[in-house]
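K.L.:
Have a peek at final.csv (CSV, N, CA, C and O atoms).
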```csv
chain,number,residue,atom,x,y,z
A,278,MET,N,4.5,-4.3,0.9
A,278,MET,CA,3.6,-3.5,1.7
A,278,MET,C,2.4,-3.3,0.9
A,278,MET,O,2.5,-2.7,-0.2
A,279,ALA,N,1.2,-3.7,1.4
A,279,ALA,CA,0.0,-3.5,0.7
A,279,ALA,C,-0.7,-2.1,1.1
A,279,ALA,O,-0.5,-1.7,2.2
A,280,ILE,N,-1.5,-1.6,0.2
A,280,ILE,CA,-2.1,-0.3,0.4
A,280,ILE,C,-3.6,-0.5,0.6
A,280,ILE,O,-4.3,-1.1,-0.2
A,281,LEU,N,-4.1,-0.1,1.8
A,281,LEU,CA,-5.5,-0.3,2.1
A,281,LEU,C,-5.9,0.9,3.0
A,281,LEU,O,-5.3,1.1,4.1
A,282,HIS,N,-6.9,1.6,2.6
A,282,HIS,CA,-7.3,2.8,3.4
A,282,HIS,C,-7.9,2.4,4.8
A,282,HIS,O,-7.5,3.0,5.8
A,283,ASP,N,-8.7,1.4,4.8
A,283,ASP,CA,-9.3,0.9,6.1
A,283,ASP,C,-8.5,-0.3,6.5
A,283,ASP,O,-8.0,-1.1,5.7
A,284,HIS,N,-8.6,-0.6,7.8
A,284,HIS,CA,-7.9,-1.8,8.4
A,284,HIS,C,-8.5,-3.1,7.9
A,284,HIS,O,-7.8,-4.1,7.9
A,285,ALA,N,-9.8,-3.1,7.5
A,285,ALA,CA,-10.5,-4.3,7.2
A,285,ALA,C,-11.5,-4.1,6.1
A,285,ALA,O,-12.0,-3.0,5.9
A,286,ILE,N,-11.9,-5.1,5.5
A,286,ILE,CA,-13.1,-5.2,4.6
A,286,ILE,C,-14.0,-6.2,5.2
A,286,ILE,O,-13.6,-7.4,5.3
A,287,GLY,N,-15.2,-5.7,5.6
A,287,GLY,CA,-16.0,-6.6,6.4
A,287,GLY,C,-15.4,-7.0,7.7
A,287,GLY,O,-14.9,-6.1,8.4
A,288,LYS,N,-15.3,-8.3,7.9
A,288,LYS,CA,-14.6,-8.8,9.2
A,288,LYS,C,-13.2,-9.3,8.9
A,288,LYS,O,-12.6,-9.8,9.8
A,289,VAL,N,-12.7,-9.1,7.7
A,289,VAL,CA,-11.4,-9.6,7.3
A,289,VAL,C,-10.4,-8.5,7.4
A,289,VAL,O,-10.5,-7.5,6.8
A,290,THR,N,-9.4,-8.7,8.3
A,290,THR,CA,-8.3,-7.7,8.4
A,290,THR,C,-7.1,-8.0,7.6
A,290,THR,O,-6.8,-9.2,7.4
A,291,LEU,N,-6.5,-7.1,7.1
A,291,LEU,CA,-5.3,-7.3,6.2
A,291,LEU,C,-4.2,-8.0,6.9
A,291,LEU,O,-3.4,-8.8,6.4
A,292,ASP,N,-4.0,-7.7,8.2
A,292,ASP,CA,-2.9,-8.3,9.0
A,292,ASP,C,-3.2,-9.6,9.5
A,292,ASP,O,-2.4,-10.2,10.2
A,293,SER,N,-4.4,-10.2,9.2
A,293,SER,CA,-4.8,-11.5,9.7
A,293,SER,C,-4.5,-12.6,8.7
A,293,SER,O,-4.7,-13.8,9.1
A,294,CYS,N,-4.1,-12.3,7.5
A,294,CYS,CA,-3.9,-13.3,6.5
A,294,CYS,C,-3.0,-12.8,5.4
A,294,CYS,O,-2.6,-11.7,5.4
A,295,SER,N,-2.7,-13.7,4.5
A,295,SER,CA,-1.8,-13.3,3.3
A,295,SER,C,-2.7,-12.5,2.3
A,295,SER,O,-3.9,-12.5,2.4
A,296,LEU,N,-2.1,-11.9,1.4
A,296,LEU,CA,-2.8,-11.1,0.3
A,296,LEU,C,-3.7,-12.1,-0.5
A,296,LEU,O,-4.8,-11.7,-0.8
A,297,ASP,N,-3.2,-13.3,-0.8
A,297,ASP,CA,-4.1,-14.2,-1.5
A,297,ASP,C,-5.3,-14.6,-0.7
A,297,ASP,O,-6.4,-14.7,-1.2
A,298,GLU,N,-5.1,-14.9,0.6
A,298,GLU,CA,-6.2,-15.2,1.5
A,298,GLU,C,-7.2,-14.0,1.6
A,298,GLU,O,-8.4,-14.2,1.6
A,299,PHE,N,-6.7,-12.8,1.7
A,299,PHE,CA,-7.5,-11.6,1.8
A,299,PHE,C,-8.4,-11.5,0.6
A,299,PHE,O,-9.6,-11.3,0.7
A,300,GLU,N,-7.8,-11.7,-0.6
A,300,GLU,CA,-8.5,-11.6,-1.8
A,300,GLU,C,-9.6,-12.7,-1.9
A,300,GLU,O,-10.7,-12.4,-2.4
A,301,ALA,N,-9.2,-13.9,-1.5
A,301,ALA,CA,-10.2,-15.0,-1.6
A,301,ALA,C,-11.4,-14.7,-0.7
A,301,ALA,O,-12.5,-15.0,-1.0
A,302,GLN,N,-11.2,-14.1,0.5
A,302,GLN,CA,-12.2,-13.9,1.4
A,302,GLN,C,-13.1,-12.6,1.1
A,302,GLN,O,-14.2,-12.5,1.5
A,303,THR,N,-12.4,-11.6,0.5
A,303,THR,CA,-13.1,-10.3,0.3
A,303,THR,C,-13.5,-10.0,-1.2
A,303,THR,O,-14.3,-9.1,-1.5
A,304,GLY,N,-12.8,-10.7,-2.1
A,304,GLY,CA,-13.0,-10.4,-3.5
A,304,GLY,C,-12.2,-9.2,-4.0
A,304,GLY,O,-12.3,-8.7,-5.1
A,305,PHE,N,-11.3,-8.7,-3.1
A,305,PHE,CA,-10.5,-7.5,-3.4
A,305,PHE,C,-9.1,-7.7,-3.1
A,305,PHE,O,-8.8,-8.2,-2.0
A,306,ARG,N,-8.2,-7.4,-4.0
A,306,ARG,CA,-6.7,-7.5,-3.7
A,306,ARG,C,-6.1,-6.1,-3.6
A,306,ARG,O,-6.1,-5.4,-4.6
A,307,PRO,N,-5.7,-5.7,-2.4
A,307,PRO,CA,-5.1,-4.4,-2.3
A,307,PRO,C,-3.8,-4.3,-3.1
A,307,PRO,O,-3.1,-5.2,-3.2
A,308,PRO,N,-3.6,-3.1,-3.7
A,308,PRO,CA,-2.4,-3.0,-4.5
A,308,PRO,C,-1.2,-2.9,-3.5
A,308,PRO,O,-1.3,-2.5,-2.4
A,309,LEU,N,0.0,-3.3,-4.0
A,309,LEU,CA,1.2,-3.1,-3.3
A,309,LEU,C,1.7,-1.6,-3.4
A,309,LEU,O,1.4,-1.0,-4.4
A,310,LEU,N,2.4,-1.1,-2.5
A,310,LEU,CA,2.9,0.2,-2.5
A,310,LEU,C,3.8,0.4,-3.8
A,310,LEU,O,3.6,1.5,-4.4
A,311,THR,N,4.6,-0.5,-4.1
A,311,THR,CA,5.4,-0.4,-5.3
A,311,THR,C,4.6,-0.3,-6.6
A,311,THR,O,4.9,0.5,-7.5
A,312,GLU,N,3.4,-0.9,-6.6
A,312,GLU,CA,2.5,-0.8,-7.8
A,312,GLU,C,1.9,0.6,-7.8
A,312,GLU,O,1.8,1.1,-8.9
A,313,VAL,N,1.5,1.1,-6.7
A,313,VAL,CA,0.9,2.5,-6.7
A,313,VAL,C,2.0,3.5,-7.1
A,313,VAL,O,1.7,4.4,-7.8
A,314,LEU,N,3.2,3.3,-6.6
A,314,LEU,CA,4.3,4.3,-6.9
A,314,LEU,C,4.6,4.2,-8.4
A,314,LEU,O,4.8,5.2,-9.1
A,315,ASP,N,4.6,3.0,-9.0
A,315,ASP,CA,4.8,2.9,-10.4
A,315,ASP,C,3.7,3.5,-11.2
A,315,ASP,O,4.0,4.2,-12.2
A,316,TRP,N,2.5,3.3,-10.8
A,316,TRP,CA,1.3,3.9,-11.5
A,316,TRP,C,1.4,5.4,-11.5
A,316,TRP,O,1.0,6.1,-12.5
A,317,ALA,N,1.8,6.0,-10.4
A,317,ALA,CA,1.8,7.5,-10.2
A,317,ALA,C,3.0,8.1,-10.8
A,317,ALA,O,3.0,9.3,-11.0
A,318,ARG,N,4.1,7.4,-11.0
A,318,ARG,CA,5.4,8.0,-11.3
A,318,ARG,C,5.3,8.9,-12.5
A,318,ARG,O,4.7,8.6,-13.6
A,319,GLY,N,5.8,10.1,-12.3
A,319,GLY,CA,5.8,11.1,-13.4
A,319,GLY,C,4.5,11.8,-13.7
A,319,GLY,O,4.5,12.8,-14.4
A,320,ASP,N,3.4,11.4,-13.0
A,320,ASP,CA,2.1,12.0,-13.2
A,320,ASP,C,1.6,12.8,-12.0
A,320,ASP,O,1.1,13.9,-12.2
A,321,ILE,N,1.7,12.2,-10.9
A,321,ILE,CA,1.2,12.8,-9.7
A,321,ILE,C,2.1,12.6,-8.5
A,321,ILE,O,2.8,11.6,-8.5
A,322,GLY,N,2.1,13.5,-7.5
A,322,GLY,CA,2.8,13.2,-6.3
A,322,GLY,C,1.9,12.5,-5.3
A,322,GLY,O,0.7,12.7,-5.4
A,323,LEU,N,2.5,11.8,-4.4
A,323,LEU,CA,1.7,11.0,-3.4
A,323,LEU,C,2.1,11.5,-2.0
A,323,LEU,O,3.3,11.7,-1.8
A,324,ASP,N,1.2,11.5,-1.1
A,324,ASP,CA,1.4,11.7,0.3
A,324,ASP,C,1.1,10.4,1.0
A,324,ASP,O,0.0,10.0,1.1
A,325,VAL,N,2.2,9.8,1.5
A,325,VAL,CA,2.0,8.5,2.1
A,325,VAL,C,1.9,8.7,3.6
A,325,VAL,O,2.9,9.2,4.2
A,326,GLU,N,0.9,8.2,4.2
A,326,GLU,CA,0.7,8.3,5.6
A,326,GLU,C,0.8,6.9,6.2
A,326,GLU,O,0.0,6.0,5.8
A,327,LEU,N,1.7,6.7,7.2
A,327,LEU,CA,1.8,5.4,7.9
A,327,LEU,C,0.9,5.5,9.1
A,327,LEU,O,1.1,6.3,10.0
A,328,LYS,N,-0.1,4.6,9.2
A,328,LYS,CA,-1.1,4.6,10.3
A,328,LYS,C,-0.5,3.9,11.5
A,328,LYS,O,-1.1,4.0,12.6
A,329,GLU,N,0.6,3.1,11.4
A,329,GLU,CA,1.2,2.4,12.5
A,329,GLU,C,2.7,2.6,12.5
A,329,GLU,O,3.3,2.8,11.4
A,330,ASP,N,3.3,2.5,13.6
A,330,ASP,CA,4.7,2.6,13.7
A,330,ASP,C,5.4,1.3,13.2
A,330,ASP,O,4.8,0.3,13.2
A,331,GLY,N,6.7,1.5,12.8
A,331,GLY,CA,7.5,0.3,12.5
A,331,GLY,C,7.6,0.0,11.0
A,331,GLY,O,8.1,-1.1,10.7
A,332,TYR,N,7.1,0.9,10.2
A,332,TYR,CA,7.2,0.6,8.7
A,332,TYR,C,8.1,1.5,7.9
A,332,TYR,O,8.2,1.3,6.7
A,333,VAL,N,8.7,2.4,8.6
A,333,VAL,CA,9.6,3.4,7.9
A,333,VAL,C,10.7,2.7,7.1
A,333,VAL,O,11.0,3.0,6.0
A,334,GLU,N,11.3,1.7,7.8
A,334,GLU,CA,12.4,1.0,7.1
A,334,GLU,C,12.0,0.3,5.9
A,334,GLU,O,12.7,0.1,4.9
A,335,GLN,N,10.7,-0.2,5.8
A,335,GLN,CA,10.2,-0.9,4.6
A,335,GLN,C,9.8,0.2,3.5
A,335,GLN,O,9.9,-0.1,2.4
A,336,LEU,N,9.4,1.3,4.0
A,336,LEU,CA,8.9,2.3,3.0
A,336,LEU,C,10.1,3.1,2.3
A,336,LEU,O,10.0,3.4,1.2
A,337,LEU,N,11.1,3.4,3.0
A,337,LEU,CA,12.2,4.2,2.5
A,337,LEU,C,12.8,3.6,1.2
A,337,LEU,O,12.9,4.4,0.2
A,338,PRO,N,13.1,2.3,1.1
A,338,PRO,CA,13.6,1.9,-0.2
A,338,PRO,C,12.6,2.0,-1.4
A,338,PRO,O,13.1,2.4,-2.5
A,339,CYS,N,11.4,1.9,-1.1
A,339,CYS,CA,10.4,2.1,-2.2
A,339,CYS,C,10.3,3.6,-2.6
A,339,CYS,O,10.3,3.9,-3.8
A,340,SER,N,10.4,4.5,-1.6
A,340,SER,CA,10.2,5.9,-2.0
A,340,SER,C,11.5,6.4,-2.6
A,340,SER,O,11.5,7.3,-3.4
A,341,LEU,N,12.6,5.8,-2.3
A,341,LEU,CA,13.9,6.3,-2.9
A,341,LEU,C,14.1,5.9,-4.3
A,341,LEU,O,14.7,6.5,-5.1
A,342,THR,N,13.4,4.8,-4.7
A,342,THR,CA,13.5,4.3,-6.1
A,342,THR,C,12.4,4.8,-7.0
A,342,THR,O,12.4,4.5,-8.1
A,343,SER,N,11.5,5.6,-6.4
A,343,SER,CA,10.4,6.2,-7.2
A,343,SER,C,10.5,7.7,-7.1
A,343,SER,O,10.0,8.3,-6.2
A,344,PRO,N,11.0,8.3,-8.2
A,344,PRO,CA,11.2,9.7,-8.2
A,344,PRO,C,9.8,10.5,-8.2
A,344,PRO,O,8.8,9.9,-8.7
A,345,ALA,N,9.8,11.6,-7.6
A,345,ALA,CA,8.6,12.5,-7.5
A,345,ALA,C,8.3,12.9,-8.9
A,345,ALA,O,9.1,13.0,-9.9
A,346,ALA,N,7.0,13.3,-9.1
A,346,ALA,CA,6.5,13.8,-10.3
A,346,ALA,C,7.3,15.1,-10.7
A,346,ALA,O,7.6,15.9,-9.7
A,347,PRO,N,7.6,15.4,-11.9
A,347,PRO,CA,8.3,16.6,-12.2
A,347,PRO,C,7.4,17.9,-12.0
A,347,PRO,O,6.2,17.8,-12.1
A,348,ALA,N,8.1,18.9,-11.5
A,348,ALA,CA,7.3,20.2,-11.2
A,348,ALA,C,6.8,20.8,-12.5
A,348,ALA,O,7.5,20.7,-13.6
A,349,THR,N,5.6,21.3,-12.5
A,349,THR,CA,5.1,22.0,-13.7
A,349,THR,C,4.9,23.4,-13.4
A,349,THR,O,4.9,23.9,-12.4
```
Translate this structure into structure tokens?

P.N.:
Amino acid sequence: MAILHDHAIGKVTLDSCSLDEFEAQTGFRPPLLTEVLDWARGDIGLDVELKEDGYVEQLLPCSLTSPAAPAT
């Protein structure tokens, strides 16, 4: 699952091609959710908002393997 704030960059939509094709056309490769969770692990908490239905089943395994940042 890739992370992208907007649905598209220019006229290229993330759901219209593979990540490699998206990067070739836009010059930008969106990070994967697992990469963002690894980057944030232990430092900050994240609020993940799903903009479309149907992704909860894909998100849960990622969130369960990435513990929240410790309380300070």

K.L.:
Leaving out range 308-315 of chain A and any residue of its chain fewer than 4 positions from it, which residues lie within 6 Å of it when counting only C-alpha atoms, given as a ChimeraX atom specification?

P.N.:
/A:278-280

K.L.:
Check the DSSP output for the backbone and give back, as number ranges by chain, the residues of chain A in helix (DSSP H, G or I).

P.N.:
A: 291-293, 296-303, 310-317, 333-341

K.L.:
Do you have the CA of Ile286 in chain A-atom C of Trp316 in chain A distance handy?

P.N.:
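The value is 24.1 Å.
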
K.L.:
Any idea what the distance is between atom C of Asp320 in chain A and atom N of Gln335 in chain A?

P.N.:
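One can read the atom C of Asp320 in chain A to atom N of Gln335 in chain A distance as 23.8 Å.
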
K.L.:
My list of candidates is A:Ile321, A:Leu327, A:Leu337, A:Val289. Which is closest to Thr303 in chain A when distances are computed with only N, CA, C and O atoms?

P.N.:
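Smallest separation from Thr303 in chain A among the options: A:Val289.
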
K.L.:
Which distance in Å separates atom C of Asp292 in chain A and CA of Gly322 in chain A, to one decimal?

P.N.:
28.4 Å

K.L.:
Determine the axis-aligned bounding box of all atoms of range 301-309 of chain A present in the file, pad each side by 4 Å, and express its centre and edge lengths in Å to one decimal place as AutoDock Vina command-line options.

P.N.:
```
--center_x -6.3 --center_y -8.0 --center_z -1.8 --size_x 24.0 --size_y 22.0 --size_z 14.6
```
